[in-house]
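Have a look at upload_39.cif below; it lists mmCIF, C-alpha atoms.
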```
data_structure
loop_
_atom_site.label_atom_id
_atom_site.label_comp_id
_atom_site.auth_asym_id
_atom_site.auth_seq_id
_atom_site.Cartn_x
_atom_site.Cartn_y
_atom_site.Cartn_z
CA MET A 851 16.97 24.53 -5.93
CA ALA A 852 16.95 25.48 -9.61
CA LEU A 853 19.78 23.03 -10.26
CA ALA A 854 17.80 20.26 -8.56
CA ARG A 855 14.76 20.97 -10.73
CA GLU A 856 16.85 20.93 -13.90
CA ASP A 857 18.45 17.64 -12.86
CA SER A 858 14.99 16.15 -12.32
CA LEU A 859 13.88 17.31 -15.76
CA ASN A 860 16.99 15.84 -17.36
CA LYS A 861 16.17 12.46 -15.79
CA TYR A 862 12.60 12.80 -17.04
CA ASP A 863 13.79 13.45 -20.61
CA LYS A 864 15.80 10.20 -20.54
CA LEU A 865 12.76 8.05 -19.76
CA ASP A 866 11.18 5.96 -22.50
CA LEU A 867 7.56 6.42 -23.58
CA LYS A 868 6.10 3.92 -21.09
CA GLU A 869 7.99 5.48 -18.17
CA LYS A 870 6.94 9.01 -19.16
CA ILE A 871 3.29 8.02 -19.26
CA SER A 872 3.59 6.33 -15.87
CA ALA A 873 5.37 9.35 -14.34
CA SER A 874 2.73 11.75 -15.69
CA PHE A 875 -0.05 10.26 -13.56
CA SER A 876 -0.86 11.48 -10.06
CA TYR A 877 -1.90 8.50 -7.92
CA GLN A 878 -3.95 8.51 -4.72
CA GLU A 879 -3.83 6.26 -1.67
CA GLY A 880 -5.78 6.05 1.57
CA ALA A 881 -9.45 7.12 1.58
CA VAL A 882 -10.80 8.41 -1.74
CA VAL A 883 -14.29 9.78 -2.44
CA LEU A 884 -15.45 8.63 -5.88
CA ASN A 885 -17.46 10.85 -8.22
CA ASN A 886 -20.69 9.03 -7.29
CA GLY A 887 -20.18 9.77 -3.57
CA ALA A 888 -18.95 6.29 -2.58
CA LEU A 889 -15.95 6.09 -0.25
CA LEU A 890 -13.08 3.85 -1.35
CA LYS A 891 -10.29 2.82 0.99
CA VAL A 892 -7.49 2.00 -1.42
CA PRO A 893 -6.28 -1.50 -0.50
CA GLU A 894 -2.72 -2.10 0.64
CA GLY A 895 -0.37 -2.58 -2.29
CA PHE A 896 -2.58 -0.61 -4.72
CA ARG A 897 -2.89 3.00 -5.87
CA PHE A 898 -5.81 4.82 -7.45
CA LEU A 899 -6.18 6.91 -10.61
CA ASP A 900 -9.24 9.18 -10.62
CA ALA A 901 -11.82 9.31 -13.40
CA GLY A 902 -10.00 12.00 -15.41
CA GLN A 903 -6.58 10.37 -15.49
CA GLY A 904 -7.92 6.82 -15.43
CA SER A 905 -9.99 7.40 -18.57
CA ILE A 906 -6.81 8.39 -20.44
CA LEU A 907 -5.24 5.10 -19.42
CA VAL A 908 -8.23 2.80 -19.93
CA GLN A 909 -9.62 4.38 -23.10
CA ARG A 910 -6.72 5.95 -24.98
CA LEU A 911 -3.89 3.62 -23.99
CA TRP A 912 -5.59 0.32 -23.22
CA GLY A 913 -7.96 0.71 -26.15
CA ASN A 914 -11.45 0.58 -24.63
CA PRO A 915 -14.66 2.40 -25.61
CA GLU A 916 -15.90 5.21 -23.38
CA ASN A 917 -17.80 4.12 -20.27
CA PRO A 918 -20.16 6.91 -19.09
CA GLY A 919 -20.14 5.50 -15.55
CA PHE A 920 -16.34 5.30 -15.22
CA LEU A 921 -15.09 6.33 -11.75
CA GLY A 922 -11.40 5.41 -11.77
CA VAL A 923 -8.96 2.51 -11.79
CA LEU A 924 -6.90 0.65 -9.18
CA LEU A 925 -3.33 -0.35 -10.09
CA PRO A 926 -0.68 -2.29 -8.14
CA LYS A 927 2.13 -0.16 -6.74
CA GLN A 928 4.75 -2.56 -8.05
CA SER A 929 3.57 -2.38 -11.68
CA GLY A 930 3.52 0.39 -14.25
CA PRO A 931 0.22 1.16 -16.00
CA LEU A 932 1.58 -0.12 -19.31
CA ASP A 933 3.25 -3.28 -18.04
CA LYS A 934 2.00 -6.33 -19.91
CA ASP A 935 1.15 -8.25 -16.74
CA VAL A 936 -0.46 -5.37 -14.83
CA LEU A 937 -3.59 -6.23 -12.83
CA GLY A 938 -5.90 -3.28 -13.42
CA ILE A 939 -9.29 -2.94 -11.70
CA GLU A 940 -11.73 -0.55 -13.34
CA ILE A 941 -14.41 0.96 -11.09
CA SER A 942 -17.64 2.17 -12.66
CA ALA A 943 -21.25 2.90 -11.73
CA ASP A 944 -24.27 1.36 -13.43
CA SER A 945 -27.53 3.21 -12.73
CA ALA A 946 -29.75 0.92 -14.82
CA GLY A 947 -32.02 0.11 -11.88
CA TYR A 948 -32.57 -2.39 -9.10
CA VAL A 949 -31.87 -6.10 -9.65
CA SER A 950 -33.85 -8.44 -7.40
CA GLU A 951 -32.19 -11.43 -5.80
CA PRO A 952 -34.43 -13.96 -7.62
CA GLU A 953 -33.46 -12.40 -10.95
CA ALA A 954 -29.77 -12.45 -10.04
CA ARG A 955 -29.97 -16.10 -9.03
CA GLN A 956 -32.04 -17.34 -11.96
CA LEU A 957 -30.59 -15.45 -14.93
CA ASN A 958 -29.82 -17.67 -17.93
CA TYR A 959 -26.08 -17.07 -18.22
CA THR A 960 -25.75 -19.26 -21.30
CA ALA A 961 -28.19 -17.05 -23.18
CA LEU A 962 -26.50 -13.96 -21.78
CA LEU A 963 -23.11 -15.05 -23.11
CA GLN A 964 -24.57 -15.52 -26.57
CA GLU A 965 -26.02 -12.01 -26.48
CA MET A 966 -22.69 -10.61 -25.34
CA LYS A 967 -20.90 -12.29 -28.23
CA GLN A 968 -23.31 -10.65 -30.64
CA HIS A 969 -22.37 -7.25 -29.25
CA LEU A 970 -18.69 -7.91 -29.92
CA ASP A 971 -19.14 -6.92 -33.56
CA GLU A 972 -20.14 -3.38 -32.61
CA GLN A 973 -17.26 -2.94 -30.20
CA ASN A 974 -14.80 -4.48 -32.63
CA ARG A 975 -15.74 -1.94 -35.27
CA TRP A 976 -14.85 0.78 -32.77
CA ARG A 977 -11.53 -0.90 -31.92
CA LYS A 978 -10.62 -1.31 -35.58
CA ARG A 979 -11.40 2.33 -36.38
CA ASN A 980 -9.14 3.42 -33.53
CA GLY A 981 -6.25 1.11 -34.36
CA PHE A 982 -6.65 -1.42 -31.54
CA CYS A 983 -6.75 -5.21 -31.52
CA ILE A 984 -10.17 -6.82 -31.83
CA VAL A 985 -11.80 -9.37 -29.52
CA THR A 986 -12.36 -12.58 -31.49
CA GLY A 987 -14.15 -14.62 -28.84
CA MET A 988 -15.49 -14.84 -25.30
CA ASP A 989 -16.23 -17.64 -22.82
CA TRP A 990 -17.06 -18.03 -19.13
CA VAL A 991 -14.02 -19.05 -17.06
CA ILE A 992 -16.21 -20.27 -14.23
CA PRO A 993 -20.02 -20.36 -14.01
CA PRO A 994 -21.32 -16.91 -12.97
CA TYR A 995 -22.72 -16.79 -9.46
CA TYR A 996 -24.47 -14.54 -6.95
CA GLN A 997 -23.30 -14.09 -3.33
CA PRO A 998 -26.26 -13.14 -1.09
CA GLY A 999 -24.04 -12.25 1.88
CA ASN A 1000 -22.68 -9.11 0.22
CA ASN A 1001 -25.13 -8.85 -2.70
CA THR A 1002 -22.52 -9.30 -5.41
CA LEU A 1003 -22.70 -10.84 -8.86
CA HIS A 1004 -19.52 -12.42 -10.24
CA LEU A 1005 -18.99 -12.66 -14.00
CA ALA A 1006 -15.63 -14.13 -15.04
CA ARG A 1007 -14.88 -14.17 -18.77
CA LEU A 1008 -12.01 -15.09 -21.05
CA LEU A 1009 -11.49 -12.65 -23.92
CA TYR A 1010 -9.63 -13.93 -26.97
CA VAL A 1011 -7.74 -11.09 -28.65
CA ASP A 1012 -6.33 -11.73 -32.11
CA ARG A 1013 -3.94 -14.68 -31.81
CA GLY A 1014 -2.56 -13.78 -28.41
CA GLU A 1015 -3.08 -15.49 -25.07
CA PRO A 1016 -6.63 -15.17 -23.67
CA LEU A 1017 -7.23 -12.32 -21.25
CA LEU A 1018 -9.12 -12.76 -17.99
CA ASN A 1019 -11.94 -10.28 -17.48
CA TYR A 1020 -13.46 -10.65 -13.99
CA GLU A 1021 -16.38 -8.38 -13.18
CA MET A 1022 -17.89 -8.14 -9.71
CA ARG A 1023 -21.10 -6.13 -9.50
CA ILE A 1024 -21.98 -4.80 -6.04
CA LEU A 1025 -25.75 -4.47 -6.27
CA THR A 1026 -27.18 -1.16 -5.03
CA ARG A 1027 -30.54 0.51 -4.71
CA LYS A 1028 -30.38 1.98 -8.22
CA GLY A 1029 -28.08 -0.42 -10.05
CA ALA A 1030 -24.57 -1.60 -9.27
CA LEU A 1031 -21.05 -0.50 -8.49
CA CYS A 1032 -18.90 -2.53 -10.89
CA LEU A 1033 -15.31 -3.62 -10.28
CA THR A 1034 -13.75 -5.19 -13.36
CA ALA A 1035 -10.33 -6.80 -13.09
CA VAL A 1036 -8.19 -7.45 -16.17
CA ALA A 1037 -5.29 -9.85 -15.88
CA ASP A 1038 -3.68 -13.02 -17.19
CA ALA A 1039 -5.87 -16.12 -17.09
CA GLY A 1040 -3.49 -17.64 -14.53
CA GLN A 1041 -4.43 -14.92 -12.01
CA LEU A 1042 -8.00 -16.15 -11.56
CA LYS A 1043 -7.35 -17.55 -8.07
CA THR A 1044 -5.73 -14.29 -6.94
CA ILE A 1045 -8.62 -12.20 -8.23
CA ARG A 1046 -11.26 -14.46 -6.68
CA GLN A 1047 -9.58 -13.90 -3.32
CA LEU A 1048 -9.14 -10.16 -3.90
CA MET A 1049 -12.66 -9.25 -4.99
CA PRO A 1050 -14.54 -10.08 -1.74
CA ALA A 1051 -11.91 -8.09 0.17
CA LEU A 1052 -12.56 -5.08 -2.07
CA VAL A 1053 -16.25 -5.09 -1.14
CA LYS A 1054 -15.21 -4.31 2.43
CA LYS A 1055 -13.17 -1.33 1.18
CA ILE A 1056 -16.19 0.43 -0.31
CA THR A 1057 -18.86 2.43 1.56
CA LEU A 1058 -21.84 3.46 -0.55
CA PRO A 1059 -23.54 6.84 0.00
CA ALA A 1060 -26.29 6.91 2.61
CA GLY A 1061 -29.56 5.58 1.26
CA GLN A 1062 -28.00 3.85 -1.76
CA ASN A 1063 -27.39 0.38 -0.34
CA TYR A 1064 -29.15 -2.66 -1.75
CA ARG A 1065 -31.51 -2.94 1.22
CA ASP A 1066 -32.62 0.69 0.79
CA PHE A 1067 -34.67 -0.17 -2.32
CA ASN A 1068 -38.23 1.18 -2.25
CA PRO A 1069 -40.51 -0.63 -4.73
CA ARG A 1070 -43.00 2.26 -4.66
CA THR A 1071 -40.54 4.89 -5.87
CA ASP A 1072 -37.53 3.08 -7.39
CA THR A 1073 -37.28 1.28 -10.71
CA PHE A 1074 -36.40 -2.30 -11.53
CA ALA A 1075 -33.67 -2.96 -14.09
CA SER A 1076 -33.82 -4.74 -17.36
CA TRP A 1077 -30.23 -5.30 -16.40
CA SER A 1078 -29.12 -8.08 -18.74
CA SER A 1079 -28.80 -5.58 -21.59
CA GLN A 1080 -26.68 -3.33 -19.38
CA VAL A 1081 -24.28 -6.14 -18.50
CA LEU A 1082 -23.51 -6.50 -22.17
CA MET A 1083 -21.87 -3.11 -22.23
CA VAL A 1084 -19.74 -3.38 -19.09
CA GLY A 1085 -16.53 -5.19 -18.31
CA LYS A 1086 -14.98 -5.82 -21.71
CA ILE A 1087 -11.85 -3.81 -20.96
CA LEU A 1088 -8.44 -4.73 -22.28
CA SER A 1089 -5.07 -4.21 -20.64
CA ALA A 1090 -1.76 -2.65 -21.61
CA ARG A 1091 -0.52 -5.92 -23.08
CA TYR A 1092 -2.00 -4.96 -26.46
CA PHE A 1093 -0.99 -1.30 -26.42
CA PHE A 1094 2.35 -1.38 -28.23
CA ARG A 1095 1.38 -4.32 -30.43
CA SER A 1096 -1.60 -2.43 -31.81
CA VAL A 1097 -0.44 1.18 -32.01
CA LEU A 1098 3.18 1.12 -33.13
CA ASN A 1099 2.21 1.02 -36.80
CA THR A 1100 -0.84 3.24 -36.63
CA TRP A 1101 -1.69 6.90 -36.46
CA LEU A 1102 -2.55 6.45 -32.78
CA PHE A 1103 1.10 5.94 -31.88
CA ILE A 1104 1.96 9.21 -33.61
CA LEU A 1105 -0.84 10.97 -31.76
CA VAL A 1106 0.18 9.55 -28.39
CA SER A 1107 3.81 10.50 -29.01
CA LEU A 1108 2.85 14.07 -29.90
CA LEU A 1109 0.71 14.32 -26.77
CA ILE A 1110 3.61 13.09 -24.65
CA VAL A 1111 5.97 15.66 -26.21
CA LEU A 1112 3.40 18.41 -25.63
CA PHE A 1113 2.97 17.26 -22.05
CA ILE A 1114 6.75 17.35 -21.42
CA TYR A 1115 7.11 20.90 -22.70
CA THR A 1116 4.07 22.01 -20.69
CA MET A 1117 5.53 20.39 -17.59
CA GLN A 1118 8.88 22.11 -18.13
CA TYR A 1119 7.16 25.47 -18.53
CA PHE A 1120 5.21 25.25 -15.31
CA HIS A 1121 8.04 23.57 -13.45
CA ARG A 1122 10.20 26.68 -13.89
CA ARG A 1123 7.52 29.10 -12.66
CA ARG A 1124 7.92 29.41 -8.90
CA ASP A 1125 4.58 31.12 -8.45
CA ILE A 1126 2.66 28.02 -9.55
CA PRO A 1127 1.54 25.83 -6.61
CA LYS A 1128 3.31 22.49 -6.37
CA GLN A 1129 0.05 20.54 -6.47
CA PHE A 1130 -0.67 21.80 -10.00
CA PHE A 1131 1.64 19.07 -11.26
CA ARG A 1132 3.72 16.44 -9.58
CA ILE A 1133 6.62 14.40 -10.92
CA ASP A 1134 7.03 10.83 -9.62
CA GLU A 1135 9.36 11.13 -6.61
CA ARG A 1136 11.22 8.02 -7.73
CA LEU A 1137 12.84 10.10 -10.46
CA ASN A 1138 14.83 12.17 -7.93
#
```

As structure tokens, the full file:
Amino acid sequence: MALAREDSLNKYDKLDLKEKISASFSYQEGAVVLNNGALLKVPEGFRFLDAGQGSILVQRLWGNPENPGFLGVLLPKQSGPLDKDVLGIEISADSAGYVSEPEARQLNYTALLQEMKQHLDEQNRWRKRNGFCIVTGMDWVIPPYYQPGNNTLHLARLLYVDRGEPLLNYEMRILTRKGALCLTAVADAGQLKTIRQLMPALVKKITLPAGQNYRDFNPRTDTFASWSSQVLMVGKILSARYFFRSVLNTWLFILVSLLIVLFIYTMQYFHRRRDIPKQFFRIDERLN
């Protein structure tokens, strides 16, 4: 048994940085209860990273500002979290208040886009300070629309990052009694058709907590949202495609490398202690 563990560790040491990061995560499948109480049935072909691990991926490695409502991220089984073409779907909660159907239908999306572009400067200052690529422009891919059947808003944007290919940022907001549950997909622009087919299916995979559905709104006790300002702050997440381009020549790469080394030694320490429960840390079974 000890020999098997040492052999596994030797294989782990031979992995490159991307593979070590991928192997360090503990993914979930099946039914998952999110931090806001919603039940997510992880769709076939995907795996889920919880809020703690997902924030490391989305914020530290993909280069995105902190999202206070972040709940986790869905990733395809067949892709690593740092693959350039990975289709990541961030899940977050927005508790800004109730959005009425008339407001959702009649919002001036042209004016909204202009406001969102103005907010890029603030986010770009954060990205520059932290050594990440900046977003140079933003456009709608398709006109935003509201689906009354499942009370969802669809906001599909193209983000232009430096001189690279534009990045598709597709946000679906499931309207709730107190705000929205937001699913934001990040992928290549050519994956728009795939994402438009995937998003409605994901709505059926989510069960909101009792009393929090859109139709549970009580105008006497609940608050309406000035939600357009909240939309500005959600959904502008970048993918792993820009990770190595932006950090290889910055202090962030050094920091990430040191954290990986520290993680490996910590893993080796606990791996050799038989009295530690197996669930404390798990190595990707594909390494054996």

| Expected selection from the PyMOL selection byres ((chain A and resi 970) around 10), given as a list of chain:residue names |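 Written out, the selection comes to A:Glu965, A:Met966, A:Lys967, A:Gln968, A:His969, A:Asp971, A:Glu972, A:Gln973, A:Asn974, A:Arg975, A:Trp976, A:Ile984, A:Val985, A:Thr986, A:Gly987, A:Met988, A:Leu1082, A:Met1083, A:Lys1086.
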
| request: Give as a ChimeraX atom specification the residues that the PyMOL selection byres ((chain A and resi 1052-1059) around 6) matches when applied to the coordinates above. | output: /A:887-891,1049-1051,1060,1062

Skip Leu1009 of chain A itself and residues of its chain fewer than 2 positions away, then list as a PDB file with C-alpha atoms, in the frame of the given file all residues within 10 Å of it, counting only C-alpha atoms.
```
ATOM      1  CA  ILE A 984     -10.170  -6.820 -31.830  1.00  0.00           C
ATOM      2  CA  VAL A 985     -11.800  -9.370 -29.520  1.00  0.00           C
ATOM      3  CA  THR A 986     -12.360 -12.580 -31.490  1.00  0.00           C
ATOM      4  CA  GLY A 987     -14.150 -14.620 -28.840  1.00  0.00           C
ATOM      5  CA  MET A 988     -15.490 -14.840 -25.300  1.00  0.00           C
ATOM      6  CA  ASP A 989     -16.230 -17.640 -22.820  1.00  0.00           C
ATOM      7  CA  TRP A 990     -17.060 -18.030 -19.130  1.00  0.00           C
ATOM      8  CA  VAL A 991     -14.020 -19.050 -17.060  1.00  0.00           C
ATOM      9  CA  ALA A1006     -15.630 -14.130 -15.040  1.00  0.00           C
ATOM     10  CA  ARG A1007     -14.880 -14.170 -18.770  1.00  0.00           C
ATOM     11  CA  VAL A1011      -7.740 -11.090 -28.650  1.00  0.00           C
ATOM     12  CA  ASP A1012      -6.330 -11.730 -32.110  1.00  0.00           C
ATOM     13  CA  GLU A1015      -3.080 -15.490 -25.070  1.00  0.00           C
ATOM     14  CA  PRO A1016      -6.630 -15.170 -23.670  1.00  0.00           C
ATOM     15  CA  LEU A1017      -7.230 -12.320 -21.250  1.00  0.00           C
ATOM     16  CA  LEU A1018      -9.120 -12.760 -17.990  1.00  0.00           C
ATOM     17  CA  ASN A1019     -11.940 -10.280 -17.480  1.00  0.00           C
ATOM     18  CA  VAL A1036      -8.190  -7.450 -16.170  1.00  0.00           C
ATOM     19  CA  ALA A1039      -5.870 -16.120 -17.090  1.00  0.00           C
ATOM     20  CA  LYS A1086     -14.980  -5.820 -21.710  1.00  0.00           C
ATOM     21  CA  ILE A1087     -11.850  -3.810 -20.960  1.00  0.00           C
ATOM     22  CA  LEU A1088      -8.440  -4.730 -22.280  1.00  0.00           C
TER      23      LEU A1088
END
```

| query | With distances taken over only C-alpha atoms, which of A:Leu1005, A:Leu884, A:Val908, A:Leu957 is nearest to Leu921 of chain A? | reply |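 Using only C-alpha atoms, the shortest distance to Leu921 of chain A belongs to A:Leu884.
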
| request: List, as a ChimeraX atom specification, every residue that the PyMOL selection byres ((chain A and resi 880) around 12) selects in the file provided. | output: /A:877-879,881-883,889-898,1055-1056

| Can you tell me how far atom CA of Tyr1020 of chain A sits from atom CA of Asn885 of chain A, in Å to one decimal? |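 According to the coordinates, atom CA of Tyr1020 of chain A and atom CA of Asn885 of chain A are separated by 22.6 Å.
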
| said: Set the distance at 12 Å and use all atoms listed in the file: which residues neighbour Ala1030 of chain A once local chain neighbours fewer than 4 positions away are removed? I'd like the list as number ranges by chain. | reply: A: 886, 888, 919, 941-950, 1001-1004, 1021-1026, 1058, 1062-1064, 1075, 1077, 1080-1081, 1084

| When you draw a straight line from atom CA of Val936 of chain A to atom CA of Leu962 of chain A, how long is it in Å? |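 If I compute the distance from atom CA of Val936 of chain A to atom CA of Leu962 of chain A, I get 28.3 Å.
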
| So how far away is atom CA of Leu963 of chain A from atom CA of Leu1031 of chain A, in Å? |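 So the two atoms, atom CA of Leu1031 of chain A and atom CA of Leu963 of chain A, lie 20.7 Å apart.
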
| request: Using all atoms listed in the file, find the one residue out of A:Thr960, A:Gln1047, A:Lys1028, A:Arg1013 that sits nearest to Pro993 of chain A. | output: A:Thr960

| Among the residues A:Arg955, A:Ile1045, A:Pro918, A:Trp912, the one that comes closest to Lys934 of chain A [using all atoms listed in the file] |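 Among A:Arg955, A:Ile1045, A:Pro918, A:Trp912, it is A:Trp912 that comes nearest to Lys934 of chain A.
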
| message | Let me make sure I understand: among A:Arg1027, A:Ile992, A:Ile871, A:Asn980, which one has the smallest atom-to-atom distance to Arg1046 of chain A if we use only C-alpha atoms? | response | A:Ile992
